[in-house]
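**Q** Here you go, final17.txt (compact mmCIF, C-alpha atoms):
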```
# COMPACT_ATOMS: atom_id res chain seq x y z
CA MET E 11 -10.36 -55.12 -1.14
CA ARG E 12 -8.81 -54.24 2.24
CA ASP E 13 -10.45 -52.03 4.87
CA ILE E 14 -8.51 -49.34 6.75
CA LYS E 15 -10.32 -47.50 9.53
CA CYS E 16 -10.22 -43.73 9.72
CA LYS E 17 -9.34 -43.91 13.42
CA ARG E 18 -6.15 -45.77 12.52
CA ILE E 19 -5.24 -43.10 9.97
CA THR E 20 -5.86 -40.30 12.48
CA LYS E 21 -3.66 -41.99 15.07
CA ALA E 22 -0.86 -42.51 12.54
CA VAL E 23 -0.93 -38.89 11.31
CA SER E 24 -0.83 -37.56 14.87
CA ARG E 25 2.22 -39.66 15.69
CA LEU E 26 4.01 -38.87 12.44
CA PHE E 27 3.84 -35.11 12.89
CA GLN E 28 4.90 -35.26 16.52
CA GLU E 29 7.90 -37.44 15.69
CA ALA E 30 8.85 -35.50 12.55
CA CYS E 31 9.00 -32.23 14.48
CA VAL E 32 11.29 -33.69 17.15
CA TYR E 33 13.60 -36.23 15.50
CA LEU E 34 15.89 -35.27 12.63
CA PRO E 35 16.19 -38.20 10.16
CA GLU E 36 19.45 -40.15 10.19
CA ASP E 37 20.23 -39.33 6.54
CA VAL E 38 20.07 -35.62 7.35
CA LEU E 39 22.23 -36.00 10.45
CA THR E 40 24.80 -37.98 8.48
CA ALA E 41 24.92 -35.32 5.76
CA ILE E 42 25.38 -32.51 8.28
CA LYS E 43 28.17 -34.39 10.06
CA GLN E 44 29.93 -34.99 6.74
CA ALA E 45 29.55 -31.32 5.85
CA ARG E 46 31.11 -30.43 9.22
CA LYS E 47 34.17 -32.57 8.36
CA ASN E 48 34.53 -30.93 4.96
CA GLU E 49 34.09 -27.33 6.11
CA GLU E 50 37.05 -24.96 6.25
CA SER E 51 35.34 -21.83 7.57
CA PRO E 52 35.49 -21.57 11.39
CA ALA E 53 32.14 -19.73 11.46
CA ALA E 54 30.50 -22.39 9.29
CA LYS E 55 31.90 -25.17 11.48
CA ASP E 56 30.50 -23.48 14.56
CA VAL E 57 27.05 -23.13 13.01
CA LEU E 58 27.01 -26.79 11.99
CA ASP E 59 28.05 -27.75 15.52
CA ARG E 60 25.11 -25.75 16.89
CA ILE E 61 22.73 -27.42 14.44
CA LEU E 62 23.89 -30.87 15.56
CA GLU E 63 23.67 -29.82 19.20
CA ASN E 64 20.14 -28.55 18.63
CA ALA E 65 19.12 -31.88 17.07
CA GLU E 66 20.51 -33.78 20.06
CA ILE E 67 18.71 -31.54 22.57
CA ALA E 68 15.45 -31.94 20.63
CA ARG E 69 15.85 -35.72 20.68
CA LYS E 70 16.70 -35.96 24.38
CA GLU E 71 14.15 -33.41 25.61
CA LYS E 72 11.46 -34.44 23.09
CA ILE E 73 10.92 -30.84 22.01
CA PRO E 74 10.59 -29.45 18.47
CA LEU E 75 13.73 -28.95 16.42
CA CYS E 76 12.44 -25.52 15.41
CA GLN E 77 9.79 -23.16 16.78
CA ASP E 78 8.21 -23.16 13.29
CA THR E 79 6.50 -26.54 13.22
CA GLY E 80 5.20 -25.73 9.79
CA THR E 81 2.31 -26.28 7.49
CA ALA E 82 1.12 -29.88 7.77
CA VAL E 83 1.89 -31.27 4.32
CA VAL E 84 0.78 -34.87 3.73
CA PHE E 85 1.62 -37.13 0.79
CA LEU E 86 -0.56 -40.19 0.32
CA GLU E 87 -0.01 -43.26 -1.81
CA LEU E 88 -3.44 -44.88 -1.74
CA GLY E 89 -3.67 -48.44 -2.98
CA GLN E 90 -6.56 -48.90 -5.39
CA GLU E 91 -7.67 -51.96 -3.42
CA VAL E 92 -8.02 -50.00 -0.16
CA HIS E 93 -11.43 -49.17 1.29
CA ILE E 94 -11.48 -46.35 3.87
CA THR E 95 -14.08 -47.02 6.56
CA GLY E 96 -15.56 -45.09 9.47
CA GLY E 97 -15.45 -41.65 7.86
CA ASP E 98 -13.69 -39.83 5.06
CA LEU E 99 -9.96 -39.90 4.45
CA TYR E 100 -9.17 -36.19 4.42
CA SER E 101 -11.18 -35.49 7.57
CA ALA E 102 -9.29 -38.30 9.30
CA ILE E 103 -5.99 -36.68 8.32
CA ASP E 104 -7.08 -33.25 9.54
CA GLU E 105 -8.13 -34.81 12.85
CA GLY E 106 -4.69 -36.41 13.11
CA VAL E 107 -3.04 -33.04 12.55
CA ARG E 108 -5.35 -31.46 15.13
CA GLN E 109 -4.53 -34.09 17.73
CA GLY E 110 -0.82 -34.22 16.95
CA TYR E 111 -0.24 -30.50 17.21
CA GLU E 112 -2.22 -30.33 20.45
CA GLU E 113 -0.68 -33.38 22.13
CA GLY E 114 2.84 -32.54 20.97
CA TYR E 115 2.63 -28.88 22.02
CA LEU E 116 3.52 -27.91 18.46
CA ARG E 117 3.02 -24.34 17.27
CA LYS E 118 -0.19 -23.79 15.32
CA SER E 119 0.62 -21.55 12.38
CA MET E 120 -2.27 -21.74 9.91
CA VAL E 121 -4.48 -18.66 9.39
CA ARG E 122 -7.83 -18.17 7.68
CA GLN E 123 -8.25 -15.48 5.02
CA PRO E 124 -4.49 -15.09 4.50
CA TYR E 125 -4.86 -11.77 2.68
CA SER E 126 -6.96 -9.99 5.34
CA ALA E 127 -7.91 -10.95 8.92
CA ARG E 128 -5.37 -13.80 9.22
CA VAL E 129 -7.15 -15.38 12.18
CA ASN E 130 -5.37 -18.50 13.44
CA THR E 131 -7.26 -21.77 12.90
CA GLU E 132 -5.89 -22.80 16.33
CA ASP E 133 -5.21 -26.43 15.39
CA ASN E 134 -2.86 -26.16 12.37
CA THR E 135 -5.51 -27.43 9.98
CA PRO E 136 -6.24 -27.75 7.19
CA ALA E 137 -3.52 -30.14 6.10
CA ILE E 138 -2.20 -29.73 2.57
CA ILE E 139 -2.80 -33.17 1.05
CA TYR E 140 -1.50 -34.71 -2.16
CA THR E 141 -2.83 -38.13 -3.17
CA ASP E 142 -1.49 -40.64 -5.69
CA ILE E 143 -3.55 -43.73 -6.52
CA VAL E 144 -1.23 -46.72 -6.77
CA PRO E 145 -1.59 -50.49 -7.18
CA GLY E 146 -2.07 -52.64 -4.09
CA ASP E 147 -3.92 -52.68 -0.78
CA LYS E 148 -1.69 -50.41 1.33
CA LEU E 149 -1.84 -46.78 2.35
CA LYS E 150 1.47 -44.93 2.65
CA ILE E 151 1.34 -41.68 4.62
CA THR E 152 4.23 -39.22 4.58
CA ALA E 153 4.08 -36.25 6.94
CA MET E 154 6.15 -33.16 6.13
CA PRO E 155 6.00 -30.19 8.52
CA LYS E 156 7.05 -27.42 6.11
CA GLY E 157 8.44 -24.26 7.67
CA ALA E 158 7.64 -20.87 6.13
CA GLY E 159 11.20 -19.58 5.84
CA ALA E 160 12.19 -22.16 3.26
CA GLU E 161 8.75 -22.40 1.66
CA ASN E 162 8.67 -18.64 1.04
CA MET E 163 11.72 -19.02 -1.21
CA THR E 164 9.84 -21.32 -3.64
CA ARG E 165 10.15 -20.21 -7.25
CA LEU E 166 8.55 -21.25 -10.56
CA THR E 167 9.56 -20.32 -14.08
CA MET E 168 8.31 -21.29 -17.50
CA LEU E 169 11.49 -21.34 -19.56
CA LEU E 170 11.59 -21.40 -23.32
CA PRO E 171 12.61 -24.90 -24.45
CA ALA E 172 15.68 -23.36 -26.11
CA SER E 173 16.93 -22.36 -22.63
CA GLY E 174 17.73 -26.03 -22.10
CA ARG E 175 20.05 -27.39 -19.43
CA GLN E 176 21.96 -24.15 -18.95
CA GLY E 177 18.73 -22.23 -18.44
CA ILE E 178 17.77 -24.62 -15.65
CA ILE E 179 21.17 -24.24 -13.98
CA ASP E 180 21.03 -20.45 -14.16
CA PHE E 181 17.51 -20.33 -12.71
CA VAL E 182 18.19 -22.71 -9.81
CA VAL E 183 21.47 -21.04 -8.83
CA LYS E 184 19.89 -17.57 -9.02
CA THR E 185 17.03 -18.77 -6.79
CA ILE E 186 19.44 -19.98 -4.10
CA ASP E 187 21.57 -16.84 -4.37
CA GLU E 188 18.55 -14.60 -3.92
CA ALA E 189 17.25 -16.70 -1.02
CA GLY E 190 20.52 -16.17 0.87
CA SER E 191 20.09 -17.00 4.55
CA ASN E 192 16.28 -16.68 4.49
CA ALA E 193 15.71 -20.41 3.94
CA CYS E 194 18.01 -21.39 6.86
CA PRO E 195 20.82 -23.23 5.03
CA PRO E 196 22.34 -25.74 4.71
CA LEU E 197 19.53 -26.67 2.37
CA ILE E 198 18.09 -29.59 0.56
CA VAL E 199 17.15 -28.24 -2.86
CA GLY E 200 14.15 -29.82 -4.56
CA VAL E 201 13.85 -29.20 -8.30
CA GLY E 202 10.95 -30.14 -10.52
CA ILE E 203 11.37 -30.13 -14.30
CA GLY E 204 8.60 -30.73 -16.82
CA GLY E 205 4.92 -31.45 -16.63
CA THR E 206 2.84 -28.30 -16.21
CA ALA E 207 3.23 -25.29 -13.93
CA GLU E 208 1.38 -26.80 -10.97
CA ARG E 209 2.73 -30.30 -11.48
CA THR E 210 6.37 -29.25 -11.51
CA LEU E 211 5.86 -27.42 -8.20
CA ILE E 212 4.62 -30.66 -6.63
CA LEU E 213 7.55 -32.54 -8.19
CA ALA E 214 9.97 -30.12 -6.54
CA LYS E 215 8.38 -30.61 -3.13
CA LYS E 216 8.26 -34.40 -3.45
CA ALA E 217 11.94 -34.40 -4.41
CA LEU E 218 12.69 -33.29 -0.84
CA LEU E 219 11.49 -36.66 0.46
CA ARG E 220 14.29 -38.61 -1.20
CA GLY E 221 17.11 -39.80 1.07
CA VAL E 222 19.61 -36.94 1.35
CA GLY E 223 22.23 -37.22 -1.35
CA LYS E 224 20.68 -40.28 -2.98
CA PRO E 225 21.04 -39.56 -6.71
CA ASN E 226 18.28 -39.73 -9.27
CA PRO E 227 18.43 -43.16 -10.97
CA ASP E 228 18.68 -41.48 -14.38
CA ALA E 229 22.38 -40.85 -15.01
CA GLU E 230 21.77 -37.61 -16.94
CA VAL E 231 19.60 -36.20 -14.16
CA ALA E 232 22.09 -37.33 -11.50
CA GLU E 233 24.86 -35.46 -13.31
CA LEU E 234 22.74 -32.30 -13.31
CA GLU E 235 22.19 -32.75 -9.57
CA ARG E 236 25.94 -32.95 -8.99
CA GLU E 237 26.67 -29.89 -11.09
CA LEU E 238 23.99 -27.83 -9.39
CA LEU E 239 25.22 -28.83 -5.92
CA LYS E 240 28.74 -27.72 -6.83
CA ARG E 241 27.53 -24.42 -8.28
CA ILE E 242 25.31 -23.72 -5.27
CA ASN E 243 28.05 -24.44 -2.74
CA ASN E 244 30.42 -22.20 -4.68
CA LEU E 245 28.10 -19.27 -3.90
CA GLY E 246 29.68 -19.09 -0.46
CA ILE E 247 26.43 -18.39 1.42
CA GLY E 248 27.19 -21.17 3.89
CA PRO E 249 25.34 -22.41 6.98
CA MET E 250 22.78 -19.80 8.09
CA GLY E 251 24.44 -17.29 5.76
CA TYR E 252 27.75 -17.11 7.68
CA GLY E 253 29.83 -18.15 4.67
CA GLY E 254 31.54 -21.43 3.88
CA ARG E 255 31.31 -24.40 1.56
CA THR E 256 28.00 -25.79 2.79
CA THR E 257 25.06 -23.86 1.36
CA ALA E 258 23.29 -27.09 0.35
CA LEU E 259 23.55 -30.68 1.52
CA ALA E 260 21.96 -32.08 -1.63
CA VAL E 261 20.10 -31.27 -4.82
CA HIS E 262 17.27 -33.63 -5.74
CA ILE E 263 15.67 -33.36 -9.18
CA GLU E 264 12.50 -35.03 -10.44
CA VAL E 265 11.57 -34.88 -14.13
CA LEU E 266 8.39 -35.38 -16.18
CA PRO E 267 7.75 -35.08 -19.90
CA ALA E 268 6.59 -31.62 -21.01
CA HIS E 269 4.76 -29.99 -23.91
CA ILE E 270 6.92 -29.22 -26.95
CA ALA E 271 6.50 -25.48 -26.29
CA SER E 272 7.20 -25.58 -22.54
CA LEU E 273 10.03 -26.07 -20.07
CA PRO E 274 8.55 -25.63 -16.57
CA VAL E 275 11.06 -25.52 -13.72
CA ALA E 276 10.31 -25.19 -10.01
CA VAL E 277 12.53 -24.93 -6.95
CA ASN E 278 11.33 -25.86 -3.47
CA LEU E 279 13.75 -25.52 -0.57
CA GLN E 280 14.01 -27.39 2.71
CA CYS E 281 15.97 -25.94 5.60
CA HIS E 282 18.48 -27.94 7.65
CA SER E 283 15.58 -29.15 9.83
CA ALA E 284 14.55 -31.47 6.99
CA ARG E 285 11.62 -33.03 8.77
CA HIS E 286 9.49 -35.82 7.38
CA LYS E 287 8.21 -39.16 8.58
CA GLU E 288 6.28 -41.94 6.88
CA VAL E 289 4.31 -45.08 7.62
CA VAL E 290 2.61 -47.79 5.57
CA LEU E 291 -0.76 -49.05 6.83
```
Before anything else, please render the file you have as structure tokens.

**A**
Amino acid sequence: MRDIKCKRITKAVSRLFQEACVYLPEDVLTAIKQARKNEESPAAKDVLDRILENAEIARKEKIPLCQDTGTAVVFLELGQEVHITGGDLYSAIDEGVRQGYEEGYLRKSMVRQPYSARVNTEDNTPAIIYTDIVPGDKLKITAMPKGAGAENMTRLTMLLPASGRQGIIDFVVKTIDEAGSNACPPLIVGVGIGGTAERTLILAKKALLRGVGKPNPDAEVAELERELLKRINNLGIGPMGYGGRTTALAVHIEVLPAHIASLPVAVNLQCHSARHKEVVL
């Protein structure tokens, strides 16, 4: 059994969110630069240039990539041989979010009673936390500041099994088409297939954490990713809705077994500010 102190977790979470909101990951930058080379539309090229310029300014000035610094989503992989000491795990994470958003001058966007008073919590808590228990004595923390523009375009459907592969393609492409510029393309498209309704939604969100353009190791799934990316980019929505070839940088699919009577499919979108950061304690 290995002890990990809550204070250490709080410090790590604070740093992760501050860095994630400021520094665009290298895989995302590389994908945007490649998209810029492949673009033919002058308007799309200009938008991609502005996105790259924005990322450079954020890095140099240490200011957020986007004014929407998001809901604080946290993925945990908790080793079964880890013992959390000095408090409780989720409270330590919330304290890290509280400190990180205050110290980093990040916008606090969470509101209580979302259907009525909508009073700001003033510290961007509570974090939205997903925990997987895994072998080992480590704790992996992944911070994902999730902006509302892309998150609002999330969609879930429970297809009939007979809908099959084509039904999935039609649903995903329709979702992107209807989202248009609202999700701030170019996008990373997370797709969850299988499991249950709530599980496939989490699959779709976790798919966004994969390195941009890194295919699913299953050849059949990877082929579906490629076909969907082609279909999505043929929509012509383009960067920020100005037209062009680059509506999405990548499609990432995660799959689970499903009930014989079900075919759950979820789509979760990430805007071009594809922010996430991780650490292993």

**Q** What are the nearest atom pairs, with distances in Å to one decimal, for all residues of stretch 82-180 of chain E that come at most 10 Å from stretch 226-245 of chain E, using all atoms listed in the file, set out by chain and rising residue number as a Markdown table?

**A**
```
| residue | atom | partner | partner_atom | distance |
| --- | --- | --- | --- | --- |
| E:Arg175 | CA | E:Leu234 | CA | 8.3 |
| E:Gln176 | CA | E:Leu234 | CA | 9.9 |
| E:Ile178 | CA | E:Leu238 | CA | 9.4 |
| E:Ile179 | CA | E:Leu238 | CA | 6.5 |
| E:Asp180 | CA | E:Leu238 | CA | 9.3 |
```

**Q** Leaving out E:Ser173 and any residue of its chain fewer than 3 positions from it, which residues lie within 12 Å of it when counting all atoms listed in the file, given as a list in words?

**A**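 Here the qualifying residues turn out to be Thr167, Met168, Leu169, Leu170, Gln176, Gly177, Ile178, Ile179, Asp180, Phe181, Ala271, Ser272, Leu273, Pro274 and Val275 of chain E.
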
**Q** What does the distance from atom CA of E:Gly96 to atom CA of E:Lys17 come to in Å, to one decimal?

**A** 7.5 Å

**Q** Select, from E:Lys156, E:Arg220, E:His282, E:His269, the residue with the minimum atom-to-atom distance to E:Thr256, counting only C-alpha atoms.

**A** E:His282

**Q** Leaving out E:Gly80 and any residue of its chain fewer than 2 positions from it, which residues lie within 6 Å of it when counting only C-alpha atoms, given as a short mmCIF file (atom, residue, chain, number, x, y, z; two decimals) with C-alpha atoms, in the frame of the given file?

**A**
```cif
data_model
loop_
_atom_site.label_atom_id
_atom_site.label_comp_id
_atom_site.auth_asym_id
_atom_site.auth_seq_id
_atom_site.Cartn_x
_atom_site.Cartn_y
_atom_site.Cartn_z
CA ASP E 78 8.21 -23.16 13.29
CA PRO E 155 6.00 -30.19 8.52
CA LYS E 156 7.05 -27.42 6.11
CA GLY E 157 8.44 -24.26 7.67
#
```

**Q** Fewer than 2 positions away in the same chain doesn't count, so skip those; otherwise give me all residues within 8 Å of stretch 199-202 of chain E, counting all atoms listed in the file, as number ranges by chain.

**A** E: 182, 197, 204, 210-218, 258, 260-265, 274-280

**Q** Given the selection you just returned, output its residues as a file containing C-alpha atoms, formatted as a PDB file, in the frame of the given file.

**A**
```
ATOM      1  CA  VAL E 182      18.190 -22.710  -9.810  1.00  0.00           C
ATOM      2  CA  LEU E 197      19.530 -26.670   2.370  1.00  0.00           C
ATOM      3  CA  GLY E 204       8.600 -30.730 -16.820  1.00  0.00           C
ATOM      4  CA  THR E 210       6.370 -29.250 -11.510  1.00  0.00           C
ATOM      5  CA  LEU E 211       5.860 -27.420  -8.200  1.00  0.00           C
ATOM      6  CA  ILE E 212       4.620 -30.660  -6.630  1.00  0.00           C
ATOM      7  CA  LEU E 213       7.550 -32.540  -8.190  1.00  0.00           C
ATOM      8  CA  ALA E 214       9.970 -30.120  -6.540  1.00  0.00           C
ATOM      9  CA  LYS E 215       8.380 -30.610  -3.130  1.00  0.00           C
ATOM     10  CA  LYS E 216       8.260 -34.400  -3.450  1.00  0.00           C
ATOM     11  CA  ALA E 217      11.940 -34.400  -4.410  1.00  0.00           C
ATOM     12  CA  LEU E 218      12.690 -33.290  -0.840  1.00  0.00           C
ATOM     13  CA  ALA E 258      23.290 -27.090   0.350  1.00  0.00           C
ATOM     14  CA  ALA E 260      21.960 -32.080  -1.630  1.00  0.00           C
ATOM     15  CA  VAL E 261      20.100 -31.270  -4.820  1.00  0.00           C
ATOM     16  CA  HIS E 262      17.270 -33.630  -5.740  1.00  0.00           C
ATOM     17  CA  ILE E 263      15.670 -33.360  -9.180  1.00  0.00           C
ATOM     18  CA  GLU E 264      12.500 -35.030 -10.440  1.00  0.00           C
ATOM     19  CA  VAL E 265      11.570 -34.880 -14.130  1.00  0.00           C
ATOM     20  CA  PRO E 274       8.550 -25.630 -16.570  1.00  0.00           C
ATOM     21  CA  VAL E 275      11.060 -25.520 -13.720  1.00  0.00           C
ATOM     22  CA  ALA E 276      10.310 -25.190 -10.010  1.00  0.00           C
ATOM     23  CA  VAL E 277      12.530 -24.930  -6.950  1.00  0.00           C
ATOM     24  CA  ASN E 278      11.330 -25.860  -3.470  1.00  0.00           C
ATOM     25  CA  LEU E 279      13.750 -25.520  -0.570  1.00  0.00           C
ATOM     26  CA  GLN E 280      14.010 -27.390   2.710  1.00  0.00           C
TER      27      GLN E 280
END
```

**Q** May I ask for the distance between atom CA of E:Glu71 and atom CA of E:Pro195, given in Å to one decimal place?

**A**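 So the answer is 23.9 Å.
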
**Q** Using all atoms listed in the file, pick whichever of E:Gly146, E:Gly253, E:Pro74, E:Gly174 has the shortest atom-to-atom distance to E:Ser283.

**A**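 Closest candidate: E:Pro74.
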
**Q** Since fewer atoms than expected are present, regenerate N, CA and C atoms for stretch 147-180 of chain E and write them as a PDB file, keeping the file's coordinate frame.

**A**
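Output below, filename selection_7.pdb:
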```pdb
ATOM      1  N   ASP E 147      -2.927 -52.831  -1.847  1.00  0.00           N
ATOM      2  CA  ASP E 147      -3.920 -52.680  -0.780  1.00  0.00           C
ATOM      3  C   ASP E 147      -3.303 -52.013   0.454  1.00  0.00           C
ATOM      4  N   LYS E 148      -2.347 -51.121   0.229  1.00  0.00           N
ATOM      5  CA  LYS E 148      -1.690 -50.410   1.330  1.00  0.00           C
ATOM      6  C   LYS E 148      -1.967 -48.920   1.230  1.00  0.00           C
ATOM      7  N   LEU E 149      -1.773 -48.226   2.325  1.00  0.00           N
ATOM      8  CA  LEU E 149      -1.840 -46.780   2.350  1.00  0.00           C
ATOM      9  C   LEU E 149      -0.548 -46.260   2.963  1.00  0.00           C
ATOM     10  N   LYS E 150       0.237 -45.551   2.163  1.00  0.00           N
ATOM     11  CA  LYS E 150       1.470 -44.930   2.650  1.00  0.00           C
ATOM     12  C   LYS E 150       1.189 -43.466   2.967  1.00  0.00           C
ATOM     13  N   ILE E 151       1.539 -43.066   4.175  1.00  0.00           N
ATOM     14  CA  ILE E 151       1.340 -41.680   4.620  1.00  0.00           C
ATOM     15  C   ILE E 151       2.702 -41.074   4.915  1.00  0.00           C
ATOM     16  N   THR E 152       2.993 -39.949   4.299  1.00  0.00           N
ATOM     17  CA  THR E 152       4.230 -39.220   4.580  1.00  0.00           C
ATOM     18  C   THR E 152       3.860 -37.839   5.106  1.00  0.00           C
ATOM     19  N   ALA E 153       4.339 -37.535   6.304  1.00  0.00           N
ATOM     20  CA  ALA E 153       4.080 -36.250   6.940  1.00  0.00           C
ATOM     21  C   ALA E 153       5.289 -35.350   6.780  1.00  0.00           C
ATOM     22  N   MET E 154       5.075 -34.139   6.306  1.00  0.00           N
ATOM     23  CA  MET E 154       6.150 -33.160   6.130  1.00  0.00           C
ATOM     24  C   MET E 154       5.741 -31.832   6.763  1.00  0.00           C
ATOM     25  N   PRO E 155       6.235 -31.525   7.964  1.00  0.00           N
ATOM     26  CA  PRO E 155       6.000 -30.190   8.520  1.00  0.00           C
ATOM     27  C   PRO E 155       6.888 -29.199   7.766  1.00  0.00           C
ATOM     28  N   LYS E 156       6.288 -28.295   7.010  1.00  0.00           N
ATOM     29  CA  LYS E 156       7.050 -27.420   6.110  1.00  0.00           C
ATOM     30  C   LYS E 156       7.086 -26.002   6.646  1.00  0.00           C
ATOM     31  N   GLY E 157       8.263 -25.582   7.116  1.00  0.00           N
ATOM     32  CA  GLY E 157       8.440 -24.260   7.670  1.00  0.00           C
ATOM     33  C   GLY E 157       8.322 -23.163   6.621  1.00  0.00           C
ATOM     34  N   ALA E 158       7.919 -21.972   7.064  1.00  0.00           N
ATOM     35  CA  ALA E 158       7.640 -20.870   6.130  1.00  0.00           C
ATOM     36  C   ALA E 158       8.904 -20.245   5.556  1.00  0.00           C
ATOM     37  N   GLY E 159       9.990 -20.222   6.324  1.00  0.00           N
ATOM     38  CA  GLY E 159      11.200 -19.580   5.840  1.00  0.00           C
ATOM     39  C   GLY E 159      11.681 -20.164   4.540  1.00  0.00           C
ATOM     40  N   ALA E 160      11.762 -21.494   4.483  1.00  0.00           N
ATOM     41  CA  ALA E 160      12.190 -22.160   3.260  1.00  0.00           C
ATOM     42  C   ALA E 160      11.086 -22.135   2.199  1.00  0.00           C
ATOM     43  N   GLU E 161       9.857 -22.359   2.615  1.00  0.00           N
ATOM     44  CA  GLU E 161       8.750 -22.400   1.660  1.00  0.00           C
ATOM     45  C   GLU E 161       8.575 -21.069   0.942  1.00  0.00           C
ATOM     46  N   ASN E 162       8.829 -19.964   1.643  1.00  0.00           N
ATOM     47  CA  ASN E 162       8.670 -18.640   1.040  1.00  0.00           C
ATOM     48  C   ASN E 162       9.663 -18.387  -0.096  1.00  0.00           C
ATOM     49  N   MET E 163      10.710 -19.185  -0.170  1.00  0.00           N
ATOM     50  CA  MET E 163      11.720 -19.020  -1.210  1.00  0.00           C
ATOM     51  C   MET E 163      11.411 -19.870  -2.454  1.00  0.00           C
ATOM     52  N   THR E 164      10.250 -20.526  -2.486  1.00  0.00           N
ATOM     53  CA  THR E 164       9.840 -21.320  -3.640  1.00  0.00           C
ATOM     54  C   THR E 164       9.744 -20.437  -4.889  1.00  0.00           C
ATOM     55  N   ARG E 165      10.214 -20.956  -5.998  1.00  0.00           N
ATOM     56  CA  ARG E 165      10.150 -20.210  -7.250  1.00  0.00           C
ATOM     57  C   ARG E 165       9.734 -21.129  -8.398  1.00  0.00           C
ATOM     58  N   LEU E 166       8.994 -20.549  -9.350  1.00  0.00           N
ATOM     59  CA  LEU E 166       8.550 -21.250 -10.560  1.00  0.00           C
ATOM     60  C   LEU E 166       8.890 -20.387 -11.759  1.00  0.00           C
ATOM     61  N   THR E 167       9.368 -21.020 -12.819  1.00  0.00           N
ATOM     62  CA  THR E 167       9.560 -20.320 -14.080  1.00  0.00           C
ATOM     63  C   THR E 167       9.109 -21.205 -15.226  1.00  0.00           C
ATOM     64  N   MET E 168       8.659 -20.574 -16.275  1.00  0.00           N
ATOM     65  CA  MET E 168       8.310 -21.290 -17.500  1.00  0.00           C
ATOM     66  C   MET E 168       9.332 -20.887 -18.550  1.00  0.00           C
ATOM     67  N   LEU E 169      10.419 -21.654 -18.630  1.00  0.00           N
ATOM     68  CA  LEU E 169      11.490 -21.340 -19.560  1.00  0.00           C
ATOM     69  C   LEU E 169      11.084 -21.670 -20.991  1.00  0.00           C
ATOM     70  N   LEU E 170      11.704 -20.982 -21.925  1.00  0.00           N
ATOM     71  CA  LEU E 170      11.590 -21.400 -23.320  1.00  0.00           C
ATOM     72  C   LEU E 170      12.380 -22.693 -23.492  1.00  0.00           C
ATOM     73  N   PRO E 171      11.883 -23.644 -24.269  1.00  0.00           N
ATOM     74  CA  PRO E 171      12.610 -24.900 -24.450  1.00  0.00           C
ATOM     75  C   PRO E 171      14.062 -24.688 -24.897  1.00  0.00           C
ATOM     76  N   ALA E 172      14.321 -23.622 -25.651  1.00  0.00           N
ATOM     77  CA  ALA E 172      15.680 -23.360 -26.110  1.00  0.00           C
ATOM     78  C   ALA E 172      16.628 -23.015 -24.968  1.00  0.00           C
ATOM     79  N   SER E 173      16.088 -22.661 -23.795  1.00  0.00           N
ATOM     80  CA  SER E 173      16.930 -22.360 -22.630  1.00  0.00           C
ATOM     81  C   SER E 173      17.698 -23.595 -22.188  1.00  0.00           C
ATOM     82  N   GLY E 174      17.071 -24.764 -22.336  1.00  0.00           N
ATOM     83  CA  GLY E 174      17.730 -26.030 -22.100  1.00  0.00           C
ATOM     84  C   GLY E 174      18.351 -26.201 -20.724  1.00  0.00           C
ATOM     85  N   ARG E 175      19.375 -27.039 -20.676  1.00  0.00           N
ATOM     86  CA  ARG E 175      20.050 -27.390 -19.430  1.00  0.00           C
ATOM     87  C   ARG E 175      20.658 -26.174 -18.751  1.00  0.00           C
ATOM     88  N   GLN E 176      21.313 -25.317 -19.533  1.00  0.00           N
ATOM     89  CA  GLN E 176      21.960 -24.150 -18.950  1.00  0.00           C
ATOM     90  C   GLN E 176      20.937 -23.187 -18.346  1.00  0.00           C
ATOM     91  N   GLY E 177      19.785 -23.073 -18.985  1.00  0.00           N
ATOM     92  CA  GLY E 177      18.730 -22.230 -18.440  1.00  0.00           C
ATOM     93  C   GLY E 177      18.258 -22.716 -17.087  1.00  0.00           C
ATOM     94  N   ILE E 178      18.161 -24.035 -16.938  1.00  0.00           N
ATOM     95  CA  ILE E 178      17.770 -24.620 -15.650  1.00  0.00           C
ATOM     96  C   ILE E 178      18.817 -24.316 -14.593  1.00  0.00           C
ATOM     97  N   ILE E 179      20.085 -24.511 -14.935  1.00  0.00           N
ATOM     98  CA  ILE E 179      21.170 -24.240 -13.980  1.00  0.00           C
ATOM     99  C   ILE E 179      21.147 -22.781 -13.535  1.00  0.00           C
ATOM    100  N   ASP E 180      21.023 -21.878 -14.484  1.00  0.00           N
ATOM    101  CA  ASP E 180      21.030 -20.450 -14.160  1.00  0.00           C
ATOM    102  C   ASP E 180      19.866 -20.086 -13.238  1.00  0.00           C
TER     103      ASP E 180
END
```
